$ cat query_15.cif   # mmCIF, C-alpha atoms and all ligand atoms
data_protein
#
loop_
_atom_site.label_atom_id
_atom_site.label_comp_id
_atom_site.auth_asym_id
_atom_site.auth_seq_id
_atom_site.Cartn_x
_atom_site.Cartn_y
_atom_site.Cartn_z
CA MET A 1 -8.49 20.00 14.18
CA ASN A 2 -5.81 21.63 12.06
CA ILE A 3 -2.17 20.89 11.34
CA ILE A 4 -0.87 24.35 12.31
CA SER A 5 -2.09 23.98 15.89
CA ILE A 6 -0.56 20.46 16.03
CA ILE A 7 2.80 21.77 14.80
CA SER A 8 2.77 24.65 17.29
CA LYS A 9 1.91 22.31 20.16
CA LYS A 10 4.89 20.06 19.42
CA ARG A 11 7.12 23.08 18.74
CA ASP A 12 6.22 24.25 22.29
CA LYS A 13 7.20 20.84 23.74
CA LYS A 14 3.63 19.73 24.56
CA ALA A 15 2.35 16.17 24.18
CA LEU A 16 -0.03 15.50 21.27
CA THR A 17 -3.30 13.66 21.81
CA LYS A 18 -4.15 10.36 20.11
CA GLU A 19 -6.69 12.21 17.94
CA GLU A 20 -4.11 14.78 16.82
CA ILE A 21 -1.60 12.07 15.93
CA GLU A 22 -4.23 10.06 14.04
CA TYR A 23 -5.33 13.19 12.19
CA PHE A 24 -1.75 13.95 11.09
CA VAL A 25 -0.99 10.37 9.99
CA SER A 26 -4.21 9.85 8.08
CA GLU A 27 -4.31 13.28 6.38
CA TYR A 28 -0.62 13.19 5.45
CA THR A 29 -0.97 9.67 4.00
CA LYS A 30 -3.95 10.82 1.92
CA GLY A 31 -1.95 13.78 0.61
CA ASN A 32 -4.05 16.41 2.38
CA ILE A 33 -1.14 17.79 4.39
CA PRO A 34 1.75 19.17 2.33
CA ASP A 35 5.32 17.99 2.84
CA TYR A 36 6.46 21.34 4.29
CA GLN A 37 3.98 21.13 7.17
CA ALA A 38 4.71 17.45 7.78
CA ALA A 39 8.43 18.29 7.73
CA ALA A 40 7.92 20.99 10.36
CA LEU A 41 6.08 18.55 12.63
CA VAL A 42 8.62 15.75 12.13
CA MET A 43 11.47 18.15 12.89
CA ALA A 44 9.64 19.32 16.05
CA ILE A 45 9.27 15.65 17.11
CA TYR A 46 12.97 15.08 16.34
CA ILE A 47 14.00 18.01 18.53
CA ASN A 48 11.45 17.82 21.35
CA GLY A 49 10.78 14.06 21.54
CA MET A 50 7.59 12.19 22.37
CA THR A 51 6.15 10.50 25.45
CA SER A 52 5.69 6.70 25.44
CA GLN A 53 1.98 7.23 24.91
CA GLU A 54 2.59 9.48 21.90
CA ILE A 55 5.04 6.98 20.35
CA THR A 56 2.51 4.17 20.78
CA ASP A 57 -0.29 6.29 19.28
CA LEU A 58 1.96 7.22 16.35
CA THR A 59 2.92 3.57 15.77
CA LEU A 60 -0.65 2.30 15.83
CA ALA A 61 -1.88 5.12 13.59
CA MET A 62 0.88 4.26 11.07
CA ALA A 63 0.15 0.52 11.31
CA ASP A 64 -3.54 1.28 10.61
CA SER A 65 -2.77 3.52 7.62
CA GLY A 66 -2.99 0.71 5.03
CA ASP A 67 -3.48 -3.05 4.63
CA LYS A 68 -2.86 -5.54 7.40
CA LEU A 69 -1.61 -9.02 6.71
CA ASP A 70 -3.32 -11.90 8.49
CA LEU A 71 -0.99 -14.89 8.89
CA SER A 72 -3.17 -16.78 11.37
CA ASP A 73 -4.00 -19.43 8.73
CA ILE A 74 -0.29 -20.35 8.63
CA SER A 75 0.33 -20.54 12.36
CA ASP A 76 -0.82 -18.94 15.57
CA CYS A 77 2.82 -18.20 16.33
CA ILE A 78 4.74 -16.26 13.68
CA VAL A 79 8.11 -14.96 14.85
CA ASP A 80 9.40 -12.09 12.72
CA LYS A 81 12.81 -10.46 12.66
CA HIS A 82 13.83 -6.94 11.67
CA SER A 83 17.16 -5.14 11.65
CA SER A 84 17.50 -1.42 12.17
CA GLY A 85 19.99 -1.44 9.29
CA GLY A 86 23.69 -1.62 8.72
CA VAL A 87 26.57 -2.36 6.37
CA GLY A 88 27.19 -5.90 5.13
CA ASP A 89 24.17 -7.12 7.11
CA LYS A 90 23.30 -10.47 5.53
CA ILE A 91 22.02 -11.99 8.77
CA THR A 92 18.42 -12.51 7.56
CA ILE A 93 19.65 -14.57 4.60
CA ILE A 94 21.57 -16.91 6.91
CA LEU A 95 19.28 -16.93 9.94
CA MET A 96 15.88 -17.43 8.33
CA PRO A 97 16.67 -20.76 6.58
CA ILE A 98 18.11 -21.97 9.88
CA ILE A 99 14.89 -21.08 11.68
CA ALA A 100 12.73 -22.63 8.94
CA SER A 101 14.82 -25.82 9.09
CA LEU A 102 13.75 -26.10 12.75
CA ASP A 103 10.09 -26.18 11.64
CA ILE A 104 9.42 -22.64 12.84
CA PRO A 105 7.51 -20.88 10.02
CA VAL A 106 9.27 -17.93 8.39
CA ALA A 107 7.05 -15.43 6.54
CA LYS A 108 9.30 -12.45 6.09
CA MET A 109 9.09 -9.27 4.10
CA SER A 110 12.32 -7.37 3.66
CA GLY A 111 13.15 -3.93 2.36
CA ARG A 112 15.47 -2.57 -0.28
CA GLY A 113 18.70 -0.65 0.30
CA LEU A 114 18.30 2.70 2.03
CA GLY A 115 21.05 5.33 2.12
CA PHE A 116 24.36 3.68 3.06
CA THR A 117 22.62 0.49 4.28
CA GLY A 118 21.89 -2.50 2.03
CA GLY A 119 18.53 -4.27 1.64
CA THR A 120 17.80 -7.99 1.79
CA ALA A 121 15.36 -7.82 -1.15
CA ASP A 122 18.09 -6.42 -3.45
CA LYS A 123 20.55 -9.06 -2.27
CA LEU A 124 18.12 -11.91 -3.00
CA GLU A 125 17.45 -10.46 -6.45
CA SER A 126 21.12 -10.87 -7.29
CA ILE A 127 20.37 -14.62 -7.54
CA PRO A 128 19.23 -15.01 -11.18
CA GLY A 129 15.49 -15.70 -11.34
CA TYR A 130 14.75 -15.13 -7.63
CA ASN A 131 11.42 -13.31 -7.52
CA VAL A 132 10.92 -11.14 -4.41
CA ASP A 133 7.70 -9.72 -5.78
CA ILE A 134 5.26 -12.66 -5.68
CA PRO A 135 1.55 -12.26 -4.90
CA ILE A 136 0.67 -12.50 -1.24
CA GLU A 137 -1.33 -15.72 -1.73
CA LYS A 138 1.74 -17.38 -3.26
CA PHE A 139 3.86 -16.04 -0.38
CA LYS A 140 1.57 -17.74 2.13
CA GLU A 141 1.41 -20.92 0.03
CA ASN A 142 5.23 -21.12 -0.01
CA VAL A 143 5.37 -20.77 3.78
CA LYS A 144 2.77 -23.52 4.14
CA GLU A 145 4.59 -25.83 1.70
CA ILE A 146 8.25 -25.40 2.61
CA GLY A 147 8.10 -23.37 5.83
CA ILE A 148 9.72 -20.23 4.43
CA SER A 149 9.26 -17.33 2.06
CA LEU A 150 11.40 -14.20 1.82
CA ILE A 151 9.93 -11.43 -0.31
CA THR A 152 9.59 -7.67 -0.46
CA SER A 153 6.27 -6.18 0.47
CA ASN A 154 3.95 -5.49 -2.46
CA LEU A 155 1.04 -4.89 -0.13
CA ASN A 156 0.08 -1.46 1.04
CA LEU A 157 1.50 -2.11 4.54
CA ALA A 158 1.98 0.97 6.73
CA PRO A 159 2.01 3.42 3.77
CA ALA A 160 2.32 6.27 6.30
CA ASP A 161 5.77 4.92 7.19
CA LYS A 162 6.84 4.95 3.53
CA LYS A 163 5.92 8.64 3.23
CA ILE A 164 7.25 9.71 6.60
CA TYR A 165 10.48 7.72 6.12
CA ALA A 166 11.20 9.36 2.75
CA LEU A 167 10.47 12.75 4.29
CA ARG A 168 12.78 12.05 7.28
CA ASP A 169 15.52 10.99 4.89
CA SER A 170 15.27 14.30 3.02
CA ILE A 171 15.29 16.55 6.13
CA ALA A 172 18.04 14.85 8.20
CA CYS A 173 15.60 13.30 10.69
CA THR A 174 16.39 9.57 10.38
CA ALA A 175 18.35 8.88 13.59
CA ASN A 176 15.68 9.52 16.20
CA ILE A 177 14.23 7.06 18.71
CA PRO A 178 10.47 7.90 18.52
CA LEU A 179 10.65 8.02 14.71
CA ILE A 180 12.67 4.80 14.27
CA ALA A 181 10.62 2.90 16.86
CA SER A 182 7.30 3.87 15.27
CA SER A 183 8.63 3.19 11.76
CA ILE A 184 9.83 -0.33 12.52
CA MET A 185 6.99 -1.34 14.84
CA SER A 186 4.23 -0.04 12.55
CA LYS A 187 5.52 -2.25 9.72
CA LYS A 188 5.91 -5.28 11.96
CA ILE A 189 2.43 -4.89 13.46
CA ALA A 190 0.88 -4.49 9.99
CA SER A 191 2.72 -7.54 8.66
CA GLY A 192 1.00 -10.00 10.95
CA ALA A 193 3.67 -11.34 13.32
CA ASN A 194 2.75 -11.80 16.95
CA LYS A 195 6.34 -12.23 18.17
CA ILE A 196 8.94 -9.76 16.97
CA LEU A 197 12.71 -9.88 17.32
CA ILE A 198 14.60 -6.69 16.54
CA ASP A 199 18.30 -6.59 15.74
CA ILE A 200 19.28 -3.10 16.90
CA THR A 201 22.54 -2.25 15.23
CA CYS A 202 24.79 0.06 17.23
CA GLY A 203 27.95 1.89 16.20
CA ASN A 204 29.35 4.22 13.56
CA GLY A 205 27.60 2.32 10.73
CA ALA A 206 24.16 2.41 12.37
CA PHE A 207 21.52 4.94 13.30
CA MET A 208 22.14 4.28 17.01
CA LYS A 209 25.69 5.41 17.67
CA ASP A 210 26.09 4.23 21.29
CA ILE A 211 24.80 1.53 23.60
CA LYS A 212 22.77 3.96 25.73
CA GLN A 213 20.75 5.08 22.68
CA ALA A 214 20.41 1.46 21.49
CA LYS A 215 19.02 0.35 24.87
CA GLU A 216 16.59 3.26 24.91
CA LEU A 217 15.37 2.29 21.43
CA ALA A 218 15.04 -1.34 22.57
CA ASN A 219 12.99 -0.41 25.63
CA THR A 220 10.79 1.90 23.57
CA MET A 221 10.00 -0.84 21.03
CA ILE A 222 9.33 -3.42 23.73
CA LYS A 223 6.90 -1.04 25.41
CA ILE A 224 5.07 -0.30 22.13
CA GLY A 225 4.91 -4.01 21.33
CA ASN A 226 3.46 -4.86 24.70
CA LEU A 227 0.83 -2.13 24.41
CA ALA A 228 -0.06 -3.54 20.98
CA GLY A 229 -0.25 -7.12 22.30
CA ARG A 230 2.99 -8.33 20.68
CA GLU A 231 5.97 -9.92 22.39
CA VAL A 232 9.12 -8.01 21.44
CA ARG A 233 12.75 -8.81 22.22
CA CYS A 234 15.83 -6.94 21.05
CA VAL A 235 19.41 -8.00 20.43
CA ILE A 236 21.91 -5.15 20.21
CA THR A 237 24.68 -5.90 17.72
CA ASN A 238 27.93 -4.15 16.91
CA MET A 239 28.00 -1.97 13.78
CA ASP A 240 31.39 -0.34 14.41
CA GLU A 241 32.55 -2.50 11.50
CA PRO A 242 30.69 -4.22 8.65
CA VAL A 243 29.12 -7.62 9.42
CA GLY A 244 31.41 -10.34 8.05
CA LYS A 245 33.62 -9.30 5.16
CA ALA A 246 31.38 -8.81 2.12
CA ILE A 247 29.44 -5.65 1.28
CA GLY A 248 27.37 -5.63 -1.91
CA ASN A 249 24.59 -7.81 -3.22
CA SER A 250 25.94 -10.97 -4.85
CA LEU A 251 29.12 -10.67 -2.74
CA GLU A 252 26.93 -10.94 0.37
CA ILE A 253 24.90 -13.82 -1.06
CA ILE A 254 28.16 -15.70 -1.66
CA GLU A 255 29.29 -15.05 1.94
CA ALA A 256 25.86 -16.06 3.27
CA VAL A 257 25.81 -19.32 1.29
CA LYS A 258 29.30 -20.21 2.52
CA ALA A 259 28.12 -19.51 6.09
CA LEU A 260 25.14 -21.82 5.54
CA ARG A 261 27.60 -24.48 4.38
CA GLY A 262 29.49 -24.13 7.68
CA GLU A 263 32.18 -21.68 6.61
CA ILE A 264 30.87 -19.02 8.99
CA PRO A 265 32.93 -16.02 10.16
CA GLU A 266 33.12 -15.55 13.95
CA ASP A 267 31.14 -12.30 14.15
CA ILE A 268 28.35 -13.68 11.95
CA LYS A 269 28.20 -16.87 14.02
CA GLU A 270 27.91 -14.86 17.26
CA ILE A 271 25.07 -12.73 15.86
CA VAL A 272 23.21 -15.66 14.25
CA LEU A 273 23.42 -17.63 17.50
CA ALA A 274 22.16 -14.75 19.64
CA LEU A 275 19.28 -13.82 17.33
CA GLY A 276 18.45 -17.41 16.47
CA THR A 277 18.34 -18.43 20.12
CA GLN A 278 15.85 -15.68 20.93
CA MET A 279 13.68 -16.67 17.95
CA VAL A 280 13.66 -20.33 18.97
CA LEU A 281 12.79 -19.40 22.56
CA MET A 282 10.01 -17.05 21.43
CA SER A 283 8.55 -19.77 19.21
CA GLY A 284 8.26 -22.03 22.25
CA THR A 285 10.16 -24.85 20.47
CA THR A 286 12.34 -25.04 23.58
CA LEU A 287 12.73 -22.78 26.59
CA ASN A 288 16.33 -23.82 27.20
CA VAL A 289 19.05 -21.49 25.88
CA GLN A 290 21.72 -24.19 25.49
CA GLU A 291 19.32 -26.47 23.67
CA ALA A 292 18.29 -23.65 21.31
CA GLU A 293 21.96 -22.93 20.54
CA LYS A 294 22.61 -26.61 19.89
CA MET A 295 19.65 -26.77 17.49
CA ILE A 296 20.98 -23.78 15.54
CA LEU A 297 24.54 -25.09 15.29
CA ASN A 298 23.25 -28.51 14.29
CA SER A 299 21.11 -26.96 11.56
CA ILE A 300 24.19 -25.25 10.09
CA TYR A 301 26.74 -28.05 10.42
CA SER A 302 24.38 -30.87 9.35
CA GLY A 303 23.63 -28.99 6.09
CA LYS A 304 19.91 -28.70 6.93
CA ALA A 305 19.93 -24.89 6.78
CA TYR A 306 21.80 -24.92 3.44
CA GLU A 307 19.27 -27.37 1.97
CA LYS A 308 16.41 -25.18 3.23
CA PHE A 309 17.96 -22.13 1.56
CA LYS A 310 18.21 -24.01 -1.76
CA GLU A 311 14.56 -25.05 -1.39
CA LEU A 312 13.64 -21.39 -0.82
CA VAL A 313 15.61 -20.18 -3.85
CA LYS A 314 14.00 -22.82 -6.07
CA LYS A 315 10.49 -22.04 -4.81
CA GLN A 316 10.98 -18.34 -5.54
CA GLY A 317 12.07 -19.10 -9.10
CA GLY A 318 15.82 -18.69 -8.51
CA ASP A 319 18.52 -20.66 -10.30
CA VAL A 320 19.84 -23.07 -7.65
CA SER A 321 22.89 -23.91 -9.75
CA PHE A 322 24.31 -20.50 -8.72
CA ILE A 323 24.01 -21.51 -5.06
CA GLU A 324 25.61 -24.89 -5.72
CA ASN A 325 28.39 -23.33 -7.76
CA LEU A 326 29.13 -19.85 -6.44
CA ASP A 327 31.65 -19.25 -9.26
CA LYS A 328 28.68 -18.81 -11.58
CA PHE A 329 27.92 -15.36 -10.09
CA PRO A 330 29.31 -12.76 -12.50
CA LYS A 331 32.47 -11.07 -11.17
CA ALA A 332 33.04 -7.32 -11.35
CA LYS A 333 35.40 -6.30 -14.16
CA HIS A 334 37.76 -4.49 -11.78
CA ILE A 335 38.84 -6.00 -8.46
CA ILE A 336 41.37 -3.64 -6.93
CA PRO A 337 43.14 -3.87 -3.55
CA VAL A 338 43.20 -0.87 -1.23
CA LEU A 339 46.70 -0.99 0.22
CA SER A 340 47.73 0.13 3.69
CA GLU A 341 50.28 2.94 3.89
CA ASN A 342 51.10 2.14 7.53
CA ARG A 343 51.66 -0.76 9.90
CA GLY A 344 49.63 -1.36 13.04
CA ALA A 345 46.57 -2.89 14.60
CA LEU A 346 43.28 -1.91 13.00
CA LYS A 347 41.55 0.25 15.60
CA THR A 348 38.70 2.07 13.86
CA ILE A 349 36.69 1.56 10.69
CA ASP A 350 34.40 4.30 9.43
CA THR A 351 31.57 1.89 8.65
CA GLU A 352 29.16 4.47 7.27
CA LEU A 353 31.85 5.65 4.84
CA ILE A 354 32.42 2.04 3.72
CA GLY A 355 28.66 1.74 3.11
CA ASN A 356 28.63 4.97 1.13
CA VAL A 357 31.60 3.91 -1.02
CA SER A 358 29.87 0.61 -1.70
CA VAL A 359 26.75 2.47 -2.88
CA TYR A 360 28.96 4.73 -5.04
CA LEU A 361 30.60 1.66 -6.61
CA GLY A 362 27.15 0.55 -7.77
CA ALA A 363 25.98 -1.76 -4.95
CA GLY A 364 23.20 0.64 -3.89
CA ARG A 365 21.10 3.41 -5.31
CA MET A 366 22.24 7.05 -5.23
CA LYS A 367 18.74 7.95 -6.50
CA LYS A 368 15.54 5.90 -6.07
CA GLU A 369 15.33 5.07 -9.78
CA ASP A 370 18.97 3.91 -10.14
CA ASP A 371 19.74 0.33 -11.18
CA ILE A 372 21.90 -1.78 -8.90
CA ASP A 373 25.10 -3.42 -10.08
CA TYR A 374 24.82 -6.76 -8.28
CA SER A 375 28.49 -7.65 -8.57
CA ALA A 376 29.77 -4.31 -7.19
CA GLY A 377 30.86 -3.75 -3.62
CA ILE A 378 33.72 -4.21 -1.20
CA ILE A 379 35.40 -7.20 0.40
CA MET A 380 37.05 -6.32 3.70
CA ASN A 381 40.45 -7.92 4.13
CA GLN A 382 40.92 -6.77 7.72
CA LYS A 383 38.66 -6.56 10.74
CA ILE A 384 39.17 -4.56 13.94
CA GLY A 385 42.04 -5.99 16.02
CA ASP A 386 43.89 -7.47 13.01
CA VAL A 387 47.52 -6.45 12.59
CA VAL A 388 48.04 -4.85 9.19
CA GLU A 389 51.44 -4.74 7.51
CA PHE A 390 52.64 -1.89 5.30
CA GLY A 391 51.44 -2.56 1.73
CA GLN A 392 48.92 -5.19 2.81
CA ALA A 393 45.36 -5.03 1.43
CA LEU A 394 42.86 -3.41 3.78
CA ALA A 395 39.99 -4.22 1.44
CA TYR A 396 39.22 -4.94 -2.22
CA ILE A 397 36.88 -2.86 -4.31
CA TYR A 398 34.66 -4.57 -6.88
CA THR A 399 33.32 -2.39 -9.66
CA ASN A 400 32.43 -2.37 -13.35
CA ASP A 401 32.96 1.38 -13.61
CA GLU A 402 36.61 2.29 -14.09
CA THR A 403 35.98 5.97 -13.37
CA LYS A 404 35.03 5.15 -9.79
CA ILE A 405 38.25 3.39 -8.82
CA ASP A 406 40.53 6.30 -7.80
CA GLY A 407 37.94 8.17 -5.71
CA SER A 408 36.88 4.97 -3.94
CA ILE A 409 40.45 3.99 -3.06
CA LYS A 410 41.14 7.46 -1.63
CA ASN A 411 37.97 7.41 0.45
CA LEU A 412 38.44 3.86 1.65
CA LYS A 413 42.01 4.55 2.81
CA SER A 414 40.64 7.28 5.07
CA ALA A 415 38.11 4.82 6.55
CA PHE A 416 40.77 2.70 8.30
CA ILE A 417 42.70 3.94 11.36
CA LEU A 418 45.65 1.89 12.62
CA ASP A 419 47.20 1.99 16.08
CA PRO A 420 50.76 1.04 17.05
CA LYS A 421 49.41 -0.79 20.14
CA ARG A 422 47.49 -4.05 20.28
CA VAL A 423 43.73 -3.67 19.76
CA ALA A 424 41.22 -6.13 21.25
CA LYS A 425 38.67 -7.77 18.94
CA PRO A 426 35.23 -6.29 19.65
CA LYS A 427 32.21 -8.36 20.61
CA ALA A 428 29.63 -8.76 17.86
CA VAL A 429 26.69 -8.95 20.29
CA LEU A 430 26.43 -6.11 22.79
CA GLY A 431 23.32 -7.05 24.73
CA ILE A 432 19.86 -8.61 24.83
CA VAL A 433 16.86 -6.62 26.03
CA LYS A 434 13.50 -8.25 26.72
N1 LIG B 1 14.54 0.82 9.71
C1 LIG B 1 13.25 1.20 9.55
O1 LIG B 1 12.42 0.43 9.07
N2 LIG B 1 12.89 2.44 9.92
C2 LIG B 1 13.76 3.31 10.46
O2 LIG B 1 13.35 4.41 10.81
C3 LIG B 1 15.10 2.92 10.63
C4 LIG B 1 15.47 1.65 10.24
#
$ encode --input "query_15.cif" --output "structure tokens"
Amino acid sequence: MNIISIISKKRDKKALTKEEIEYFVSEYTKGNIPDYQAAALVMAIYINGMTSQEITDLTLAMADSGDKLDLSDISDCIVDKHSSGGVGDKITIILMPIIASLDIPVAKMSGRGLGFTGGTADKLESIPGYNVDIPIEKFKENVKEIGISLITSNLNLAPADKKIYALRDSIACTANIPLIASSIMSKKIASGANKILIDITCGNGAFMKDIKQAKELANTMIKIGNLAGREVRCVITNMDEPVGKAIGNSLEIIEAVKALRGEIPEDIKEIVLALGTQMVLMSGTTLNVQEAEKMILNSIYSGKAYEKFKELVKKQGGDVSFIENLDKFPKAKHIIPVLSENRGALKTIDTELIGNVSVYLGAGRMKKEDDIDYSAGIIMNQKIGDVVEFGQALAYIYTNDETKIDGSIKNLKSAFILDPKRVAKPKAVLGIVK
């Protein structure tokens, strides 16, 4: 077997065999195939696609490329959740304590920010003391003791995905169904869950730009999951605007904590209810949709989810006084409004641009080794459908770097398009596929 014949086969639109896919994944992970040959193959996959069988073979080969986590000593039913990424997406931080408060174990590993999208691990680290990097035995112990642990993976789970993802990022091959499906599913299979819920974000701030693509991705992941013996369900959520109003690490923690205390914005509530309901149903706690919804709302409004989040923060070494008194989070030195130069209903938000400006302000990394400024980011003042007056704030930028203010304001102004006519509020949940 050699990589040149594999590349030429895919270049010529032929299906690869399981052995060829396994050869590529294992040799590339070991460093025996150079990046330029892997890039040629990935680009050929991007352009010519893969059959369902090829995508499954790629996923399983990637899942087998490193360690596998066994969570069967915690429970025989671990329901995991993954988002395909977006802007202002703090759903995990709100949803997982709710689920844990319903006695459904939560053992979740989350990633760091990637490109214009934020990462849950970075957001949690904005809570002083919160340690996302605990040993795996401690992770399991925390789940056994308090029913929840949220960390970043320090195991060698699906290392092939790490390499292939970084390569895709550098050759403009991120937004592609076979590559996204295998990336997400390989990590989920390696991390030990037997039931997997995927939040597929859809819109101009997501990899899937329209509902047709999102449904295709959903069906692909469900098929892979079934072939790998995992139950998979997908909820498609709207990413034509940021989730909630806050973008940036501690800004999102503050919004998430308020939501857990019952001050929950409508779009976040809709998403949390839809995802939460599917998780409760998959866990077998109840099979009745209305009952599952009632359990979730009760967890929020009774304060149970908020208490569970505080328990989690404490267990991970975080300073709970910041959660109890949100004013303790350091504020950015400069908080500047971005003022509207027109009047009208907000029709379109360039969500990816908002994400990129937030990264530029310091909330994400421009380069892998960059430090994050936890207090930097953006607070949206308007959502789609709101009527904006001339001179009213569209958003506020939060930064500690004065030199970034002018450029950010100019870019952000171009991210909002107003319409003289009334604009309907969009739905936050676009569909459920199972
Ligand atoms: N999230 C992932 O983990 N992988 C992708 O390819 C896209 C989003």
$ residues_around --input "query_15.cif" --residues "A:Ala246" --least-positions-apart "2" --cutoff "12 Å" --atoms "all atoms listed in the file" --output "PyMOL selection string"
chain A and resi 87-91+118+123+241-244+248-259+265+268+354-355+358+363+375-383+395-398
$ residues_around --input "query_15.cif" --residues "stretch 128-133 of chain A" --least-positions-apart "5" --cutoff "6 Å" --atoms "only C-alpha atoms" --output "PDB file with C-alpha atoms, in the coordinates of the input"
ATOM      1  CA  ILE A 151       9.930 -11.430  -0.310  1.00  0.00           C
ATOM      2  CA  THR A 152       9.590  -7.670  -0.460  1.00  0.00           C
ATOM      3  CA  GLN A 316      10.980 -18.340  -5.540  1.00  0.00           C
ATOM      4  CA  GLY A 317      12.070 -19.100  -9.100  1.00  0.00           C
ATOM      5  CA  GLY A 318      15.820 -18.690  -8.510  1.00  0.00           C
ATOM      6  CA  ASP A 319      18.520 -20.660 -10.300  1.00  0.00           C
TER       7      ASP A 319
END
$ residues_near_ligand --input "query_15.cif" --ligand "ligand LIG 1 (chain B)" --cutoff "9 Å" --atoms "all atoms listed in the file" --output "JSON list (two decimals) with C-alpha atoms, keeping the file's coordinate frame"
[["chain", "number", "residue", "atom", "x", "y", "z"],
["A", 82, "HIS", "CA", 13.83, -6.94, 11.67],
["A", 83, "SER", "CA", 17.16, -5.14, 11.65],
["A", 84, "SER", "CA", 17.50, -1.42, 12.17],
["A", 85, "GLY", "CA", 19.99, -1.44, 9.29],
["A", 86, "GLY", "CA", 23.69, -1.62, 8.72],
["A", 111, "GLY", "CA", 13.15, -3.93, 2.36],
["A", 114, "LEU", "CA", 18.30, 2.70, 2.03],
["A", 161, "ASP", "CA", 5.77, 4.92, 7.19],
["A", 165, "TYR", "CA", 10.48, 7.72, 6.12],
["A", 168, "ARG", "CA", 12.78, 12.05, 7.28],
["A", 174, "THR", "CA", 16.39, 9.57, 10.38],
["A", 175, "ALA", "CA", 18.35, 8.88, 13.59],
["A", 176, "ASN", "CA", 15.68, 9.52, 16.20],
["A", 177, "ILE", "CA", 14.23, 7.06, 18.71],
["A", 178, "PRO", "CA", 10.47, 7.90, 18.52],
["A", 179, "LEU", "CA", 10.65, 8.02, 14.71],
["A", 180, "ILE", "CA", 12.67, 4.80, 14.27],
["A", 181, "ALA", "CA", 10.62, 2.90, 16.86],
["A", 182, "SER", "CA", 7.30, 3.87, 15.27],
["A", 183, "SER", "CA", 8.63, 3.19, 11.76],
["A", 184, "ILE", "CA", 9.83, -0.33, 12.52],
["A", 185, "MET", "CA", 6.99, -1.34, 14.84],
["A", 186, "SER", "CA", 4.23, -0.04, 12.55],
["A", 187, "LYS", "CA", 5.52, -2.25, 9.72],
["A", 206, "ALA", "CA", 24.16, 2.41, 12.37],
["A", 207, "PHE", "CA", 21.52, 4.94, 13.30]]
$ closest_residue --input "query_15.cif" --among "A:Asp401, A:Glu341, A:Asp371, A:Glu352" --to "A:Val388" --atoms "all atoms listed in the file"
A:Glu341
$ atom_distance --input "query_15.cif" --atom1 "atom CA of A:Leu95" --atom2 "atom CA of A:Val359"
24.4 Å
$ closest_residue --input "query_15.cif" --among "A:Thr201, A:Asn325, A:Thr351, A:Thr403" --to "A:Ile432" --atoms "all atoms listed in the file"
A:Thr201
$ atom_distance --input "query_15.cif" --atom1 "atom CA of A:Ala158" --atom2 "atom CA of A:Leu197"
18.6 Å
$ atom_distance --input "query_15.cif" --atom1 "atom CA of A:Glu141" --atom2 "atom CA of A:Ser75"
12.4 Å
$ closest_residue --input "query_15.cif" --among "A:Ala424, A:Ile200, A:Ile164, A:Leu155" --to "A:Lys212" --atoms "only C-alpha atoms"
A:Ile200
$ closest_residue --input "query_15.cif" --among "A:Ser65, A:Asn356, A:Gln278, A:Gln290" --to "A:Lys434" --atoms "all atoms listed in the file"
A:Gln278
$ closest_residue --input "query_15.cif" --among "A:Cys173, A:Ile224, A:Val423, A:Ile296" --to "A:Leu281" --atoms "all atoms listed in the file"
A:Ile296
$ residues_near_point --input "query_15.cif" --point "(37.1, -3.5, -13.1)" --cutoff "6 Å" --atoms "all atoms listed in the file" --output "list in words"
Ala332, Lys333, His334, Ile335, Thr399, Asn400 and Glu402 of chain A
$ closest_residue --input "query_15.cif" --among "A:Ser408, A:Ser5, A:Ser414, A:Asn298" --to "A:Ser340" --atoms "all atoms listed in the file"
A:Ser414
$ residues_near_point --input "query_15.cif" --point "(36.4, 5.6, -2.1)" --cutoff "10 Å" --atoms "all atoms listed in the file" --output "list of chain:residue names"
A:Val338, A:Leu353, A:Ile354, A:Asn356, A:Val357, A:Ser358, A:Tyr360, A:Leu361, A:Ile397, A:Lys404, A:Ile405, A:Asp406, A:Gly407, A:Ser408, A:Ile409, A:Lys410, A:Asn411, A:Leu412, A:Lys413, A:Ser414, A:Ala415
$ residues_around --input "query_15.cif" --residues "A:Ala190" --least-positions-apart "6" --cutoff "8 Å" --atoms "all atoms listed in the file" --output "ChimeraX atom specification"
/A:63-64,67-69,157-158
$ residues_around --input "query_15.cif" --residues "A:Asp70" --least-positions-apart "5" --cutoff "12 Å" --atoms "only C-alpha atoms" --output "ChimeraX atom specification"
/A:75-78,107,136-137,140,155,157,188-194
